file target.cif (mmCIF, N, CA and C atoms)
data_run
#
loop_
_atom_site.label_atom_id
_atom_site.label_comp_id
_atom_site.auth_asym_id
_atom_site.auth_seq_id
_atom_site.Cartn_x
_atom_site.Cartn_y
_atom_site.Cartn_z
N GLN R 940 46.14 71.16 -60.30
CA GLN R 940 45.26 70.44 -59.40
C GLN R 940 43.87 71.06 -59.47
N VAL R 941 42.91 70.27 -59.93
CA VAL R 941 41.54 70.76 -60.02
C VAL R 941 40.90 70.70 -58.64
N GLN R 942 40.27 71.79 -58.26
CA GLN R 942 39.51 71.81 -57.01
C GLN R 942 38.05 72.06 -57.32
N LEU R 943 37.19 71.30 -56.68
CA LEU R 943 35.75 71.41 -56.89
C LEU R 943 35.09 71.64 -55.53
N VAL R 944 34.28 72.66 -55.44
CA VAL R 944 33.62 72.99 -54.18
C VAL R 944 32.13 73.09 -54.43
N GLU R 945 31.37 72.19 -53.78
CA GLU R 945 29.93 72.17 -53.94
C GLU R 945 29.26 73.03 -52.87
N SER R 946 28.09 73.51 -53.21
CA SER R 946 27.25 74.23 -52.25
C SER R 946 25.80 74.12 -52.71
N GLY R 947 24.89 74.50 -51.82
CA GLY R 947 23.49 74.56 -52.21
C GLY R 947 22.62 73.44 -51.69
N GLY R 948 23.21 72.47 -51.02
CA GLY R 948 22.39 71.41 -50.46
C GLY R 948 21.53 71.91 -49.31
N GLY R 949 20.64 71.06 -48.85
CA GLY R 949 19.78 71.43 -47.74
C GLY R 949 18.64 70.45 -47.58
N SER R 950 17.67 70.86 -46.79
CA SER R 950 16.50 70.02 -46.52
C SER R 950 15.26 70.67 -47.09
N VAL R 951 14.48 69.90 -47.82
CA VAL R 951 13.24 70.40 -48.41
C VAL R 951 12.18 69.34 -48.30
N GLN R 952 10.94 69.74 -48.47
CA GLN R 952 9.85 68.79 -48.52
C GLN R 952 9.69 68.28 -49.95
N ALA R 953 9.08 67.12 -50.06
CA ALA R 953 8.82 66.54 -51.37
C ALA R 953 8.08 67.55 -52.25
N GLY R 954 8.50 67.62 -53.50
CA GLY R 954 7.92 68.58 -54.41
C GLY R 954 8.69 69.88 -54.49
N GLY R 955 9.60 70.08 -53.55
CA GLY R 955 10.38 71.32 -53.53
C GLY R 955 11.54 71.30 -54.50
N SER R 956 12.32 72.38 -54.45
CA SER R 956 13.44 72.56 -55.38
C SER R 956 14.70 72.97 -54.63
N LEU R 957 15.82 72.63 -55.19
CA LEU R 957 17.12 73.08 -54.72
C LEU R 957 18.01 73.27 -55.94
N ARG R 958 18.99 74.16 -55.80
CA ARG R 958 20.00 74.32 -56.84
C ARG R 958 21.38 74.11 -56.24
N LEU R 959 22.08 73.14 -56.75
CA LEU R 959 23.44 72.88 -56.32
C LEU R 959 24.42 73.62 -57.23
N SER R 960 25.52 74.04 -56.64
CA SER R 960 26.58 74.70 -57.40
C SER R 960 27.89 73.96 -57.18
N CYS R 961 28.72 73.98 -58.20
CA CYS R 961 30.05 73.38 -58.11
C CYS R 961 31.03 74.36 -58.73
N ALA R 962 31.83 75.00 -57.89
CA ALA R 962 32.82 75.95 -58.35
C ALA R 962 34.13 75.22 -58.61
N ALA R 963 34.65 75.37 -59.83
CA ALA R 963 35.87 74.67 -60.23
C ALA R 963 37.03 75.64 -60.36
N SER R 964 38.19 75.20 -59.94
CA SER R 964 39.40 75.99 -60.12
C SER R 964 40.55 75.06 -60.49
N GLY R 965 41.59 75.64 -61.08
CA GLY R 965 42.73 74.84 -61.51
C GLY R 965 42.40 73.93 -62.67
N TYR R 966 41.48 74.35 -63.46
CA TYR R 966 40.90 73.55 -64.54
C TYR R 966 41.71 73.68 -65.81
N THR R 967 42.31 72.58 -66.30
CA THR R 967 43.12 72.67 -67.51
C THR R 967 42.76 71.62 -68.55
N TYR R 968 41.67 70.91 -68.32
CA TYR R 968 41.28 69.88 -69.28
C TYR R 968 40.91 70.50 -70.62
N SER R 969 41.35 69.88 -71.71
CA SER R 969 40.87 70.30 -73.04
C SER R 969 39.71 69.39 -73.46
N ARG R 970 39.69 68.19 -72.95
CA ARG R 970 38.60 67.24 -73.21
C ARG R 970 38.21 66.69 -71.85
N TYR R 971 36.96 66.78 -71.50
CA TYR R 971 36.57 66.37 -70.16
C TYR R 971 35.12 65.98 -70.07
N CYS R 972 34.82 65.33 -68.97
CA CYS R 972 33.46 65.16 -68.51
C CYS R 972 33.38 65.77 -67.11
N MET R 973 32.27 66.34 -66.84
CA MET R 973 32.05 66.96 -65.53
C MET R 973 30.59 66.73 -65.17
N GLY R 974 30.33 66.52 -63.90
CA GLY R 974 28.94 66.28 -63.56
C GLY R 974 28.72 65.97 -62.10
N TRP R 975 27.60 65.36 -61.83
CA TRP R 975 27.14 65.10 -60.48
C TRP R 975 26.89 63.61 -60.25
N PHE R 976 27.37 63.15 -59.12
CA PHE R 976 27.05 61.83 -58.61
C PHE R 976 26.30 62.02 -57.30
N ARG R 977 25.64 60.96 -56.86
CA ARG R 977 25.02 60.99 -55.54
C ARG R 977 25.14 59.63 -54.88
N GLN R 978 25.14 59.66 -53.57
CA GLN R 978 25.21 58.42 -52.81
C GLN R 978 24.27 58.50 -51.62
N ALA R 979 23.29 57.62 -51.62
CA ALA R 979 22.35 57.52 -50.51
C ALA R 979 22.90 56.54 -49.48
N PRO R 980 22.50 56.65 -48.24
CA PRO R 980 22.99 55.73 -47.21
C PRO R 980 22.74 54.27 -47.58
N GLY R 981 23.79 53.46 -47.51
CA GLY R 981 23.65 52.05 -47.79
C GLY R 981 23.59 51.69 -49.26
N LYS R 982 23.75 52.69 -50.11
CA LYS R 982 23.67 52.42 -51.55
C LYS R 982 24.95 52.84 -52.25
N ALA R 983 25.13 52.30 -53.43
CA ALA R 983 26.31 52.64 -54.22
C ALA R 983 26.17 54.05 -54.79
N ARG R 984 27.29 54.68 -55.02
CA ARG R 984 27.26 56.01 -55.65
C ARG R 984 26.84 55.85 -57.10
N GLU R 985 25.99 56.76 -57.55
CA GLU R 985 25.46 56.67 -58.91
C GLU R 985 25.58 58.01 -59.63
N GLY R 986 25.71 57.95 -60.93
CA GLY R 986 25.77 59.17 -61.72
C GLY R 986 24.39 59.78 -61.87
N VAL R 987 24.33 61.10 -61.85
CA VAL R 987 23.07 61.82 -61.95
C VAL R 987 22.99 62.62 -63.25
N ALA R 988 23.99 63.42 -63.52
CA ALA R 988 23.97 64.27 -64.70
C ALA R 988 25.39 64.63 -65.08
N PHE R 989 25.63 64.72 -66.41
CA PHE R 989 26.98 65.00 -66.89
C PHE R 989 26.95 65.96 -68.06
N THR R 990 28.06 66.68 -68.21
CA THR R 990 28.28 67.46 -69.42
C THR R 990 29.71 67.22 -69.86
N ASP R 991 29.94 67.35 -71.16
CA ASP R 991 31.31 67.21 -71.63
C ASP R 991 31.80 68.54 -72.19
N HIS R 992 33.03 68.53 -72.73
CA HIS R 992 33.65 69.76 -73.19
C HIS R 992 32.91 70.37 -74.38
N ARG R 993 32.05 69.54 -75.03
CA ARG R 993 31.28 70.05 -76.16
C ARG R 993 29.92 70.58 -75.71
N GLY R 994 29.60 70.42 -74.43
CA GLY R 994 28.30 70.86 -73.94
C GLY R 994 27.21 69.81 -74.04
N MET R 995 27.58 68.59 -74.42
CA MET R 995 26.60 67.52 -74.51
C MET R 995 26.24 67.04 -73.11
N ARG R 996 24.96 67.02 -72.80
CA ARG R 996 24.51 66.67 -71.45
C ARG R 996 23.76 65.35 -71.46
N THR R 997 23.95 64.59 -70.41
CA THR R 997 23.21 63.36 -70.21
C THR R 997 22.71 63.30 -68.78
N TYR R 998 21.58 62.66 -68.60
CA TYR R 998 20.95 62.57 -67.29
C TYR R 998 20.58 61.12 -66.99
N ALA R 999 20.60 60.79 -65.72
CA ALA R 999 20.07 59.50 -65.30
C ALA R 999 18.57 59.49 -65.55
N ARG R 1000 18.06 58.33 -65.90
CA ARG R 1000 16.64 58.22 -66.22
C ARG R 1000 15.77 58.66 -65.05
N SER R 1001 16.22 58.44 -63.84
CA SER R 1001 15.41 58.75 -62.66
C SER R 1001 15.24 60.25 -62.43
N VAL R 1002 16.07 61.07 -63.09
CA VAL R 1002 15.99 62.52 -62.86
C VAL R 1002 15.77 63.29 -64.15
N ASP R 1003 15.66 62.61 -65.26
CA ASP R 1003 15.69 63.24 -66.58
C ASP R 1003 14.67 64.36 -66.75
N ASP R 1004 13.50 64.21 -66.20
CA ASP R 1004 12.46 65.23 -66.41
C ASP R 1004 12.33 66.18 -65.24
N ARG R 1005 13.27 66.10 -64.27
CA ARG R 1005 13.16 66.94 -63.08
C ARG R 1005 14.42 67.77 -62.81
N PHE R 1006 15.56 67.28 -63.22
CA PHE R 1006 16.83 67.97 -62.95
C PHE R 1006 17.35 68.59 -64.24
N THR R 1007 17.95 69.76 -64.11
CA THR R 1007 18.57 70.43 -65.24
C THR R 1007 19.95 70.92 -64.84
N MET R 1008 20.94 70.59 -65.65
CA MET R 1008 22.30 71.01 -65.37
C MET R 1008 22.68 72.13 -66.33
N SER R 1009 23.41 73.10 -65.80
CA SER R 1009 23.89 74.19 -66.63
C SER R 1009 25.30 74.56 -66.18
N LYS R 1010 25.98 75.30 -67.03
CA LYS R 1010 27.37 75.66 -66.73
C LYS R 1010 27.60 77.12 -67.08
N ASP R 1011 28.16 77.85 -66.16
CA ASP R 1011 28.56 79.22 -66.40
C ASP R 1011 30.08 79.21 -66.61
N SER R 1012 30.51 79.25 -67.85
CA SER R 1012 31.93 79.14 -68.15
C SER R 1012 32.72 80.33 -67.61
N ALA R 1013 32.11 81.49 -67.59
CA ALA R 1013 32.81 82.68 -67.08
C ALA R 1013 33.14 82.53 -65.60
N LYS R 1014 32.27 81.84 -64.88
CA LYS R 1014 32.48 81.64 -63.44
C LYS R 1014 33.07 80.27 -63.14
N ASN R 1015 33.29 79.45 -64.16
CA ASN R 1015 33.76 78.08 -63.94
C ASN R 1015 32.90 77.36 -62.92
N THR R 1016 31.61 77.50 -63.06
CA THR R 1016 30.68 76.92 -62.09
C THR R 1016 29.63 76.07 -62.80
N LEU R 1017 29.41 74.89 -62.26
CA LEU R 1017 28.41 73.96 -62.77
C LEU R 1017 27.23 73.98 -61.81
N TYR R 1018 26.04 73.97 -62.36
CA TYR R 1018 24.84 74.02 -61.53
C TYR R 1018 23.97 72.79 -61.79
N LEU R 1019 23.23 72.40 -60.77
CA LEU R 1019 22.23 71.36 -60.93
C LEU R 1019 20.94 71.86 -60.31
N GLN R 1020 19.99 72.22 -61.16
CA GLN R 1020 18.67 72.64 -60.70
C GLN R 1020 17.81 71.40 -60.51
N MET R 1021 17.34 71.21 -59.29
CA MET R 1021 16.57 70.02 -58.97
C MET R 1021 15.16 70.44 -58.59
N ASN R 1022 14.22 70.04 -59.39
CA ASN R 1022 12.80 70.35 -59.16
C ASN R 1022 12.02 69.08 -58.85
N SER R 1023 10.84 69.25 -58.31
CA SER R 1023 9.95 68.12 -57.99
C SER R 1023 10.71 67.04 -57.23
N LEU R 1024 11.42 67.46 -56.21
CA LEU R 1024 12.25 66.53 -55.47
C LEU R 1024 11.41 65.48 -54.75
N LYS R 1025 11.97 64.27 -54.68
CA LYS R 1025 11.31 63.13 -54.06
C LYS R 1025 12.18 62.64 -52.89
N PRO R 1026 11.59 61.96 -51.93
CA PRO R 1026 12.39 61.41 -50.82
C PRO R 1026 13.53 60.53 -51.31
N GLU R 1027 13.33 59.84 -52.41
CA GLU R 1027 14.39 58.98 -52.95
C GLU R 1027 15.55 59.76 -53.56
N ASP R 1028 15.43 61.06 -53.65
CA ASP R 1028 16.55 61.90 -54.10
C ASP R 1028 17.49 62.23 -52.94
N THR R 1029 17.10 61.87 -51.73
CA THR R 1029 17.94 62.12 -50.56
C THR R 1029 19.28 61.41 -50.70
N ALA R 1030 20.35 62.16 -50.62
CA ALA R 1030 21.69 61.61 -50.81
C ALA R 1030 22.73 62.70 -50.60
N MET R 1031 23.98 62.27 -50.51
CA MET R 1031 25.09 63.20 -50.60
C MET R 1031 25.40 63.36 -52.08
N TYR R 1032 25.45 64.59 -52.53
CA TYR R 1032 25.70 64.88 -53.93
C TYR R 1032 27.14 65.37 -54.10
N TYR R 1033 27.82 64.77 -55.07
CA TYR R 1033 29.22 65.08 -55.33
C TYR R 1033 29.39 65.62 -56.75
N CYS R 1034 30.20 66.64 -56.87
CA CYS R 1034 30.62 67.13 -58.17
C CYS R 1034 31.92 66.43 -58.54
N ALA R 1035 32.08 66.09 -59.80
CA ALA R 1035 33.28 65.39 -60.24
C ALA R 1035 33.66 65.86 -61.63
N ALA R 1036 34.93 65.79 -61.92
CA ALA R 1036 35.44 66.16 -63.25
C ALA R 1036 36.64 65.29 -63.58
N GLY R 1037 36.86 65.08 -64.86
CA GLY R 1037 38.02 64.29 -65.24
C GLY R 1037 38.12 64.14 -66.74
N ASP R 1038 39.23 63.57 -67.16
CA ASP R 1038 39.46 63.33 -68.58
C ASP R 1038 39.95 61.91 -68.83
N GLY R 1039 39.67 61.01 -67.91
CA GLY R 1039 40.22 59.67 -68.00
C GLY R 1039 39.47 58.69 -68.87
N GLY R 1040 38.26 59.04 -69.30
CA GLY R 1040 37.46 58.11 -70.07
C GLY R 1040 37.72 58.18 -71.56
N SER R 1041 37.18 57.22 -72.26
CA SER R 1041 37.35 57.16 -73.70
C SER R 1041 36.61 58.32 -74.39
N PRO R 1042 37.24 58.94 -75.41
CA PRO R 1042 36.54 60.01 -76.14
C PRO R 1042 35.40 59.47 -76.99
N TYR R 1043 35.32 58.13 -77.11
CA TYR R 1043 34.27 57.54 -77.93
C TYR R 1043 33.07 57.10 -77.09
N VAL R 1044 33.14 57.36 -75.81
CA VAL R 1044 32.07 56.98 -74.88
C VAL R 1044 31.50 58.23 -74.24
N SER R 1045 30.20 58.33 -74.16
CA SER R 1045 29.59 59.50 -73.53
C SER R 1045 29.87 59.46 -72.03
N CYS R 1046 29.75 60.61 -71.42
CA CYS R 1046 30.15 60.76 -70.02
C CYS R 1046 29.43 59.78 -69.10
N ASN R 1047 28.17 59.50 -69.38
CA ASN R 1047 27.45 58.60 -68.49
C ASN R 1047 27.90 57.16 -68.62
N GLY R 1048 28.80 56.92 -69.59
CA GLY R 1048 29.38 55.58 -69.73
C GLY R 1048 30.76 55.46 -69.11
N TRP R 1049 31.30 56.55 -68.62
CA TRP R 1049 32.61 56.52 -67.97
C TRP R 1049 32.49 55.87 -66.60
N SER R 1050 33.58 55.24 -66.17
CA SER R 1050 33.61 54.72 -64.81
C SER R 1050 33.94 55.85 -63.85
N GLN R 1051 33.62 55.65 -62.59
CA GLN R 1051 33.88 56.71 -61.61
C GLN R 1051 35.37 56.99 -61.49
N GLY R 1052 36.18 56.00 -61.78
CA GLY R 1052 37.62 56.19 -61.73
C GLY R 1052 38.15 57.10 -62.82
N ASP R 1053 37.34 57.32 -63.86
CA ASP R 1053 37.75 58.23 -64.94
C ASP R 1053 37.63 59.69 -64.53
N PHE R 1054 36.95 59.91 -63.42
CA PHE R 1054 36.80 61.27 -62.90
C PHE R 1054 37.87 61.47 -61.83
N GLY R 1055 38.90 62.21 -62.16
CA GLY R 1055 40.05 62.34 -61.27
C GLY R 1055 39.90 63.34 -60.15
N SER R 1056 38.90 64.20 -60.25
CA SER R 1056 38.73 65.24 -59.24
C SER R 1056 37.31 65.18 -58.68
N TRP R 1057 37.21 65.29 -57.38
CA TRP R 1057 35.92 65.20 -56.69
C TRP R 1057 35.81 66.32 -55.66
N GLY R 1058 34.59 66.81 -55.48
CA GLY R 1058 34.32 67.73 -54.40
C GLY R 1058 34.05 66.99 -53.11
N GLN R 1059 33.81 67.75 -52.08
CA GLN R 1059 33.62 67.16 -50.76
C GLN R 1059 32.18 66.68 -50.53
N GLY R 1060 31.29 67.09 -51.38
CA GLY R 1060 29.89 66.66 -51.28
C GLY R 1060 29.01 67.67 -50.57
N THR R 1061 27.75 67.66 -50.92
CA THR R 1061 26.75 68.49 -50.24
C THR R 1061 25.50 67.64 -50.05
N GLN R 1062 24.93 67.69 -48.86
CA GLN R 1062 23.82 66.82 -48.50
C GLN R 1062 22.49 67.40 -48.97
N VAL R 1063 21.69 66.54 -49.57
CA VAL R 1063 20.33 66.89 -49.96
C VAL R 1063 19.39 65.93 -49.23
N THR R 1064 18.45 66.48 -48.49
CA THR R 1064 17.49 65.67 -47.74
C THR R 1064 16.08 66.10 -48.13
N VAL R 1065 15.29 65.15 -48.59
CA VAL R 1065 13.92 65.42 -49.02
C VAL R 1065 12.98 64.64 -48.12
N SER R 1066 12.12 65.35 -47.43
CA SER R 1066 11.17 64.70 -46.52
C SER R 1066 9.81 64.57 -47.18
N SER R 1067 9.09 63.54 -46.80
CA SER R 1067 7.78 63.29 -47.40
C SER R 1067 6.69 64.01 -46.64
#
call {"tool": "encode", "arguments": {"input": "target.cif", "output": "structure tokens"}}
result
Amino acid sequence: QVQLVESGGGSVQAGGSLRLSCAASGYTYSRYCMGWFRQAPGKAREGVAFTDHRGMRTYARSVDDRFTMSKDSAKNTLYLQMNSLKPEDTAMYYCAAGDGGSPYVSCNGWSQGDFGSWGQGTQVTVSS
């Protein structure tokens, strides 16, 4: 059973930075996608950034030049460094992992159902 625990959310002013962490345990995937989704009030949950078992990373266009994802394999922890935050980045951020998608499709093309494990979420609020 994979467990994912997020931390690092908070409230910042526009232009500020936050770093989210996702600690993973019970991890046995040999082929996987892992990454971050977010859901703003009244909006659908959307993918933000992903990495796969080969280290290939993809980002949503809205965050591509501002967010950076990294992984510390020794600590089984995924990070999301968020810079130049905007009010529209305000959302609950979720860490997710899974192996349910096609190996011929990049992680950002997987459906949310392909991610079998989810964290509880961490809130990010950006004020203008």
call {"tool": "resolve_selection", "arguments": {"input": "target.cif", "expression": "the PyMOL selection byres ((chain R and resi 1055-1066) around 7)", "output": "ChimeraX atom specification"}}
result
/R:941-953,1024-1039,1051-1054,1067
call {"tool": "write_last_selection", "arguments": {"input": "target.cif", "atoms": "N, CA and C atoms", "output": "mmCIF file, in the coordinates of the input"}}
result
data_model
loop_
_atom_site.group_PDB
_atom_site.id
_atom_site.type_symbol
_atom_site.label_atom_id
_atom_site.label_comp_id
_atom_site.auth_asym_id
_atom_site.auth_seq_id
_atom_site.Cartn_x
_atom_site.Cartn_y
_atom_site.Cartn_z
ATOM 1 N N VAL R 941 42.910 70.270 -59.930
ATOM 2 C CA VAL R 941 41.540 70.760 -60.020
ATOM 3 C C VAL R 941 40.900 70.700 -58.640
ATOM 4 N N GLN R 942 40.270 71.790 -58.260
ATOM 5 C CA GLN R 942 39.510 71.810 -57.010
ATOM 6 C C GLN R 942 38.050 72.060 -57.320
ATOM 7 N N LEU R 943 37.190 71.300 -56.680
ATOM 8 C CA LEU R 943 35.750 71.410 -56.890
ATOM 9 C C LEU R 943 35.090 71.640 -55.530
ATOM 10 N N VAL R 944 34.280 72.660 -55.440
ATOM 11 C CA VAL R 944 33.620 72.990 -54.180
ATOM 12 C C VAL R 944 32.130 73.090 -54.430
ATOM 13 N N GLU R 945 31.370 72.190 -53.780
ATOM 14 C CA GLU R 945 29.930 72.170 -53.940
ATOM 15 C C GLU R 945 29.260 73.030 -52.870
ATOM 16 N N SER R 946 28.090 73.510 -53.210
ATOM 17 C CA SER R 946 27.250 74.230 -52.250
ATOM 18 C C SER R 946 25.800 74.120 -52.710
ATOM 19 N N GLY R 947 24.890 74.500 -51.820
ATOM 20 C CA GLY R 947 23.490 74.560 -52.210
ATOM 21 C C GLY R 947 22.620 73.440 -51.690
ATOM 22 N N GLY R 948 23.210 72.470 -51.020
ATOM 23 C CA GLY R 948 22.390 71.410 -50.460
ATOM 24 C C GLY R 948 21.530 71.910 -49.310
ATOM 25 N N GLY R 949 20.640 71.060 -48.850
ATOM 26 C CA GLY R 949 19.780 71.430 -47.740
ATOM 27 C C GLY R 949 18.640 70.450 -47.580
ATOM 28 N N SER R 950 17.670 70.860 -46.790
ATOM 29 C CA SER R 950 16.500 70.020 -46.520
ATOM 30 C C SER R 950 15.260 70.670 -47.090
ATOM 31 N N VAL R 951 14.480 69.900 -47.820
ATOM 32 C CA VAL R 951 13.240 70.400 -48.410
ATOM 33 C C VAL R 951 12.180 69.340 -48.300
ATOM 34 N N GLN R 952 10.940 69.740 -48.470
ATOM 35 C CA GLN R 952 9.850 68.790 -48.520
ATOM 36 C C GLN R 952 9.690 68.280 -49.950
ATOM 37 N N ALA R 953 9.080 67.120 -50.060
ATOM 38 C CA ALA R 953 8.820 66.540 -51.370
ATOM 39 C C ALA R 953 8.080 67.550 -52.250
ATOM 40 N N LEU R 1024 11.420 67.460 -56.210
ATOM 41 C CA LEU R 1024 12.250 66.530 -55.470
ATOM 42 C C LEU R 1024 11.410 65.480 -54.750
ATOM 43 N N LYS R 1025 11.970 64.270 -54.680
ATOM 44 C CA LYS R 1025 11.310 63.130 -54.060
ATOM 45 C C LYS R 1025 12.180 62.640 -52.890
ATOM 46 N N PRO R 1026 11.590 61.960 -51.930
ATOM 47 C CA PRO R 1026 12.390 61.410 -50.820
ATOM 48 C C PRO R 1026 13.530 60.530 -51.310
ATOM 49 N N GLU R 1027 13.330 59.840 -52.410
ATOM 50 C CA GLU R 1027 14.390 58.980 -52.950
ATOM 51 C C GLU R 1027 15.550 59.760 -53.560
ATOM 52 N N ASP R 1028 15.430 61.060 -53.650
ATOM 53 C CA ASP R 1028 16.550 61.900 -54.100
ATOM 54 C C ASP R 1028 17.490 62.230 -52.940
ATOM 55 N N THR R 1029 17.100 61.870 -51.730
ATOM 56 C CA THR R 1029 17.940 62.120 -50.560
ATOM 57 C C THR R 1029 19.280 61.410 -50.700
ATOM 58 N N ALA R 1030 20.350 62.160 -50.620
ATOM 59 C CA ALA R 1030 21.690 61.610 -50.810
ATOM 60 C C ALA R 1030 22.730 62.700 -50.600
ATOM 61 N N MET R 1031 23.980 62.270 -50.510
ATOM 62 C CA MET R 1031 25.090 63.200 -50.600
ATOM 63 C C MET R 1031 25.400 63.360 -52.080
ATOM 64 N N TYR R 1032 25.450 64.590 -52.530
ATOM 65 C CA TYR R 1032 25.700 64.880 -53.930
ATOM 66 C C TYR R 1032 27.140 65.370 -54.100
ATOM 67 N N TYR R 1033 27.820 64.770 -55.070
ATOM 68 C CA TYR R 1033 29.220 65.080 -55.330
ATOM 69 C C TYR R 1033 29.390 65.620 -56.750
ATOM 70 N N CYS R 1034 30.200 66.640 -56.870
ATOM 71 C CA CYS R 1034 30.620 67.130 -58.170
ATOM 72 C C CYS R 1034 31.920 66.430 -58.540
ATOM 73 N N ALA R 1035 32.080 66.090 -59.800
ATOM 74 C CA ALA R 1035 33.280 65.390 -60.240
ATOM 75 C C ALA R 1035 33.660 65.860 -61.630
ATOM 76 N N ALA R 1036 34.930 65.790 -61.920
ATOM 77 C CA ALA R 1036 35.440 66.160 -63.250
ATOM 78 C C ALA R 1036 36.640 65.290 -63.580
ATOM 79 N N GLY R 1037 36.860 65.080 -64.860
ATOM 80 C CA GLY R 1037 38.020 64.290 -65.240
ATOM 81 C C GLY R 1037 38.120 64.140 -66.740
ATOM 82 N N ASP R 1038 39.230 63.570 -67.160
ATOM 83 C CA ASP R 1038 39.460 63.330 -68.580
ATOM 84 C C ASP R 1038 39.950 61.910 -68.830
ATOM 85 N N GLY R 1039 39.670 61.010 -67.910
ATOM 86 C CA GLY R 1039 40.220 59.670 -68.000
ATOM 87 C C GLY R 1039 39.470 58.690 -68.870
ATOM 88 N N GLN R 1051 33.620 55.650 -62.590
ATOM 89 C CA GLN R 1051 33.880 56.710 -61.610
ATOM 90 C C GLN R 1051 35.370 56.990 -61.490
ATOM 91 N N GLY R 1052 36.180 56.000 -61.780
ATOM 92 C CA GLY R 1052 37.620 56.190 -61.730
ATOM 93 C C GLY R 1052 38.150 57.100 -62.820
ATOM 94 N N ASP R 1053 37.340 57.320 -63.860
ATOM 95 C CA ASP R 1053 37.750 58.230 -64.940
ATOM 96 C C ASP R 1053 37.630 59.690 -64.530
ATOM 97 N N PHE R 1054 36.950 59.910 -63.420
ATOM 98 C CA PHE R 1054 36.800 61.270 -62.900
ATOM 99 C C PHE R 1054 37.870 61.470 -61.830
ATOM 100 N N SER R 1067 9.090 63.540 -46.800
ATOM 101 C CA SER R 1067 7.780 63.290 -47.400
ATOM 102 C C SER R 1067 6.690 64.010 -46.640
#
call {"tool": "residues_around", "arguments": {"input": "target.cif", "residues": "R:Asp1003", "least_positions_apart": "5", "cutoff": "8 Å", "atoms": "all atoms listed in the file", "output": "JSON list (two decimals) with N, CA and C atoms, keeping the file's coordinate frame"}}
result
[["chain", "number", "residue", "atom", "x", "y", "z"],
["R", 987, "VAL", "N", 24.33, 61.10, -61.85],
["R", 987, "VAL", "CA", 23.07, 61.82, -61.95],
["R", 987, "VAL", "C", 22.99, 62.62, -63.25],
["R", 997, "THR", "N", 23.95, 64.59, -70.41],
["R", 997, "THR", "CA", 23.21, 63.36, -70.21],
["R", 997, "THR", "C", 22.71, 63.30, -68.78],
["R", 998, "TYR", "N", 21.58, 62.66, -68.60],
["R", 998, "TYR", "CA", 20.95, 62.57, -67.29],
["R", 998, "TYR", "C", 20.58, 61.12, -66.99]]
call {"tool": "select_by_dssp", "arguments": {"input": "target.cif", "residues": "stretch 964-1001 of chain R", "states": "strand (DSSP E or B)", "output": "MDAnalysis selection string"}}
result
chainID R and resid 964 972:978 985:991 996:998
call {"tool": "write_last_selection", "arguments": {"input": "target.cif", "atoms": "N, CA and C atoms", "output": "CSV table (one decimal), keeping the file's coordinate frame"}}
result
chain,number,residue,atom,x,y,z
R,964,SER,N,38.2,75.2,-59.9
R,964,SER,CA,39.4,76.0,-60.1
R,964,SER,C,40.6,75.1,-60.5
R,972,CYS,N,34.8,65.3,-69.0
R,972,CYS,CA,33.5,65.2,-68.5
R,972,CYS,C,33.4,65.8,-67.1
R,973,MET,N,32.3,66.3,-66.8
R,973,MET,CA,32.0,67.0,-65.5
R,973,MET,C,30.6,66.7,-65.2
R,974,GLY,N,30.3,66.5,-63.9
R,974,GLY,CA,28.9,66.3,-63.6
R,974,GLY,C,28.7,66.0,-62.1
R,975,TRP,N,27.6,65.4,-61.8
R,975,TRP,CA,27.1,65.1,-60.5
R,975,TRP,C,26.9,63.6,-60.2
R,976,PHE,N,27.4,63.2,-59.1
R,976,PHE,CA,27.0,61.8,-58.6
R,976,PHE,C,26.3,62.0,-57.3
R,977,ARG,N,25.6,61.0,-56.9
R,977,ARG,CA,25.0,61.0,-55.5
R,977,ARG,C,25.1,59.6,-54.9
R,978,GLN,N,25.1,59.7,-53.6
R,978,GLN,CA,25.2,58.4,-52.8
R,978,GLN,C,24.3,58.5,-51.6
R,985,GLU,N,26.0,56.8,-57.6
R,985,GLU,CA,25.5,56.7,-58.9
R,985,GLU,C,25.6,58.0,-59.6
R,986,GLY,N,25.7,58.0,-60.9
R,986,GLY,CA,25.8,59.2,-61.7
R,986,GLY,C,24.4,59.8,-61.9
R,987,VAL,N,24.3,61.1,-61.8
R,987,VAL,CA,23.1,61.8,-62.0
R,987,VAL,C,23.0,62.6,-63.2
R,988,ALA,N,24.0,63.4,-63.5
R,988,ALA,CA,24.0,64.3,-64.7
R,988,ALA,C,25.4,64.6,-65.1
R,989,PHE,N,25.6,64.7,-66.4
R,989,PHE,CA,27.0,65.0,-66.9
R,989,PHE,C,27.0,66.0,-68.1
R,990,THR,N,28.1,66.7,-68.2
R,990,THR,CA,28.3,67.5,-69.4
R,990,THR,C,29.7,67.2,-69.9
R,991,ASP,N,29.9,67.4,-71.2
R,991,ASP,CA,31.3,67.2,-71.6
R,991,ASP,C,31.8,68.5,-72.2
R,996,ARG,N,25.0,67.0,-72.8
R,996,ARG,CA,24.5,66.7,-71.4
R,996,ARG,C,23.8,65.4,-71.5
R,997,THR,N,24.0,64.6,-70.4
R,997,THR,CA,23.2,63.4,-70.2
R,997,THR,C,22.7,63.3,-68.8
R,998,TYR,N,21.6,62.7,-68.6
R,998,TYR,CA,21.0,62.6,-67.3
R,998,TYR,C,20.6,61.1,-67.0
call {"tool": "atom_distance", "arguments": {"input": "target.cif", "atom1": "atom C of R:Gly994", "atom2": "atom N of R:Leu957"}}
result
22.2 Å
call {"tool": "closest_residue", "arguments": {"input": "target.cif", "among": "R:Ser1001, R:Gln1020, R:Tyr971, R:Ser1009", "to": "R:Cys1046", "atoms": "all atoms listed in the file"}}
result
R:Tyr971
call {"tool": "resolve_selection", "arguments": {"input": "target.cif", "expression": "the PyMOL selection byres ((chain R and resi 990) around 5)", "output": "PyMOL selection string"}}
result
chain R and resi 972-974+988-989+991-992+995-996
call {"tool": "atom_distance", "arguments": {"input": "target.cif", "atom1": "atom C of R:Ser969", "atom2": "atom N of R:Gly986"}}
result
22.0 Å
call {"tool": "atom_distance", "arguments": {"input": "target.cif", "atom1": "atom C of R:Phe976", "atom2": "atom CA of R:Leu1019"}}
result
10.8 Å
call {"tool": "closest_residue", "arguments": {"input": "target.cif", "among": "R:Asn1015, R:Ser1023, R:Thr1007, R:Ser1050", "to": "R:Ala962", "atoms": "all atoms listed in the file"}}
result
R:Asn1015
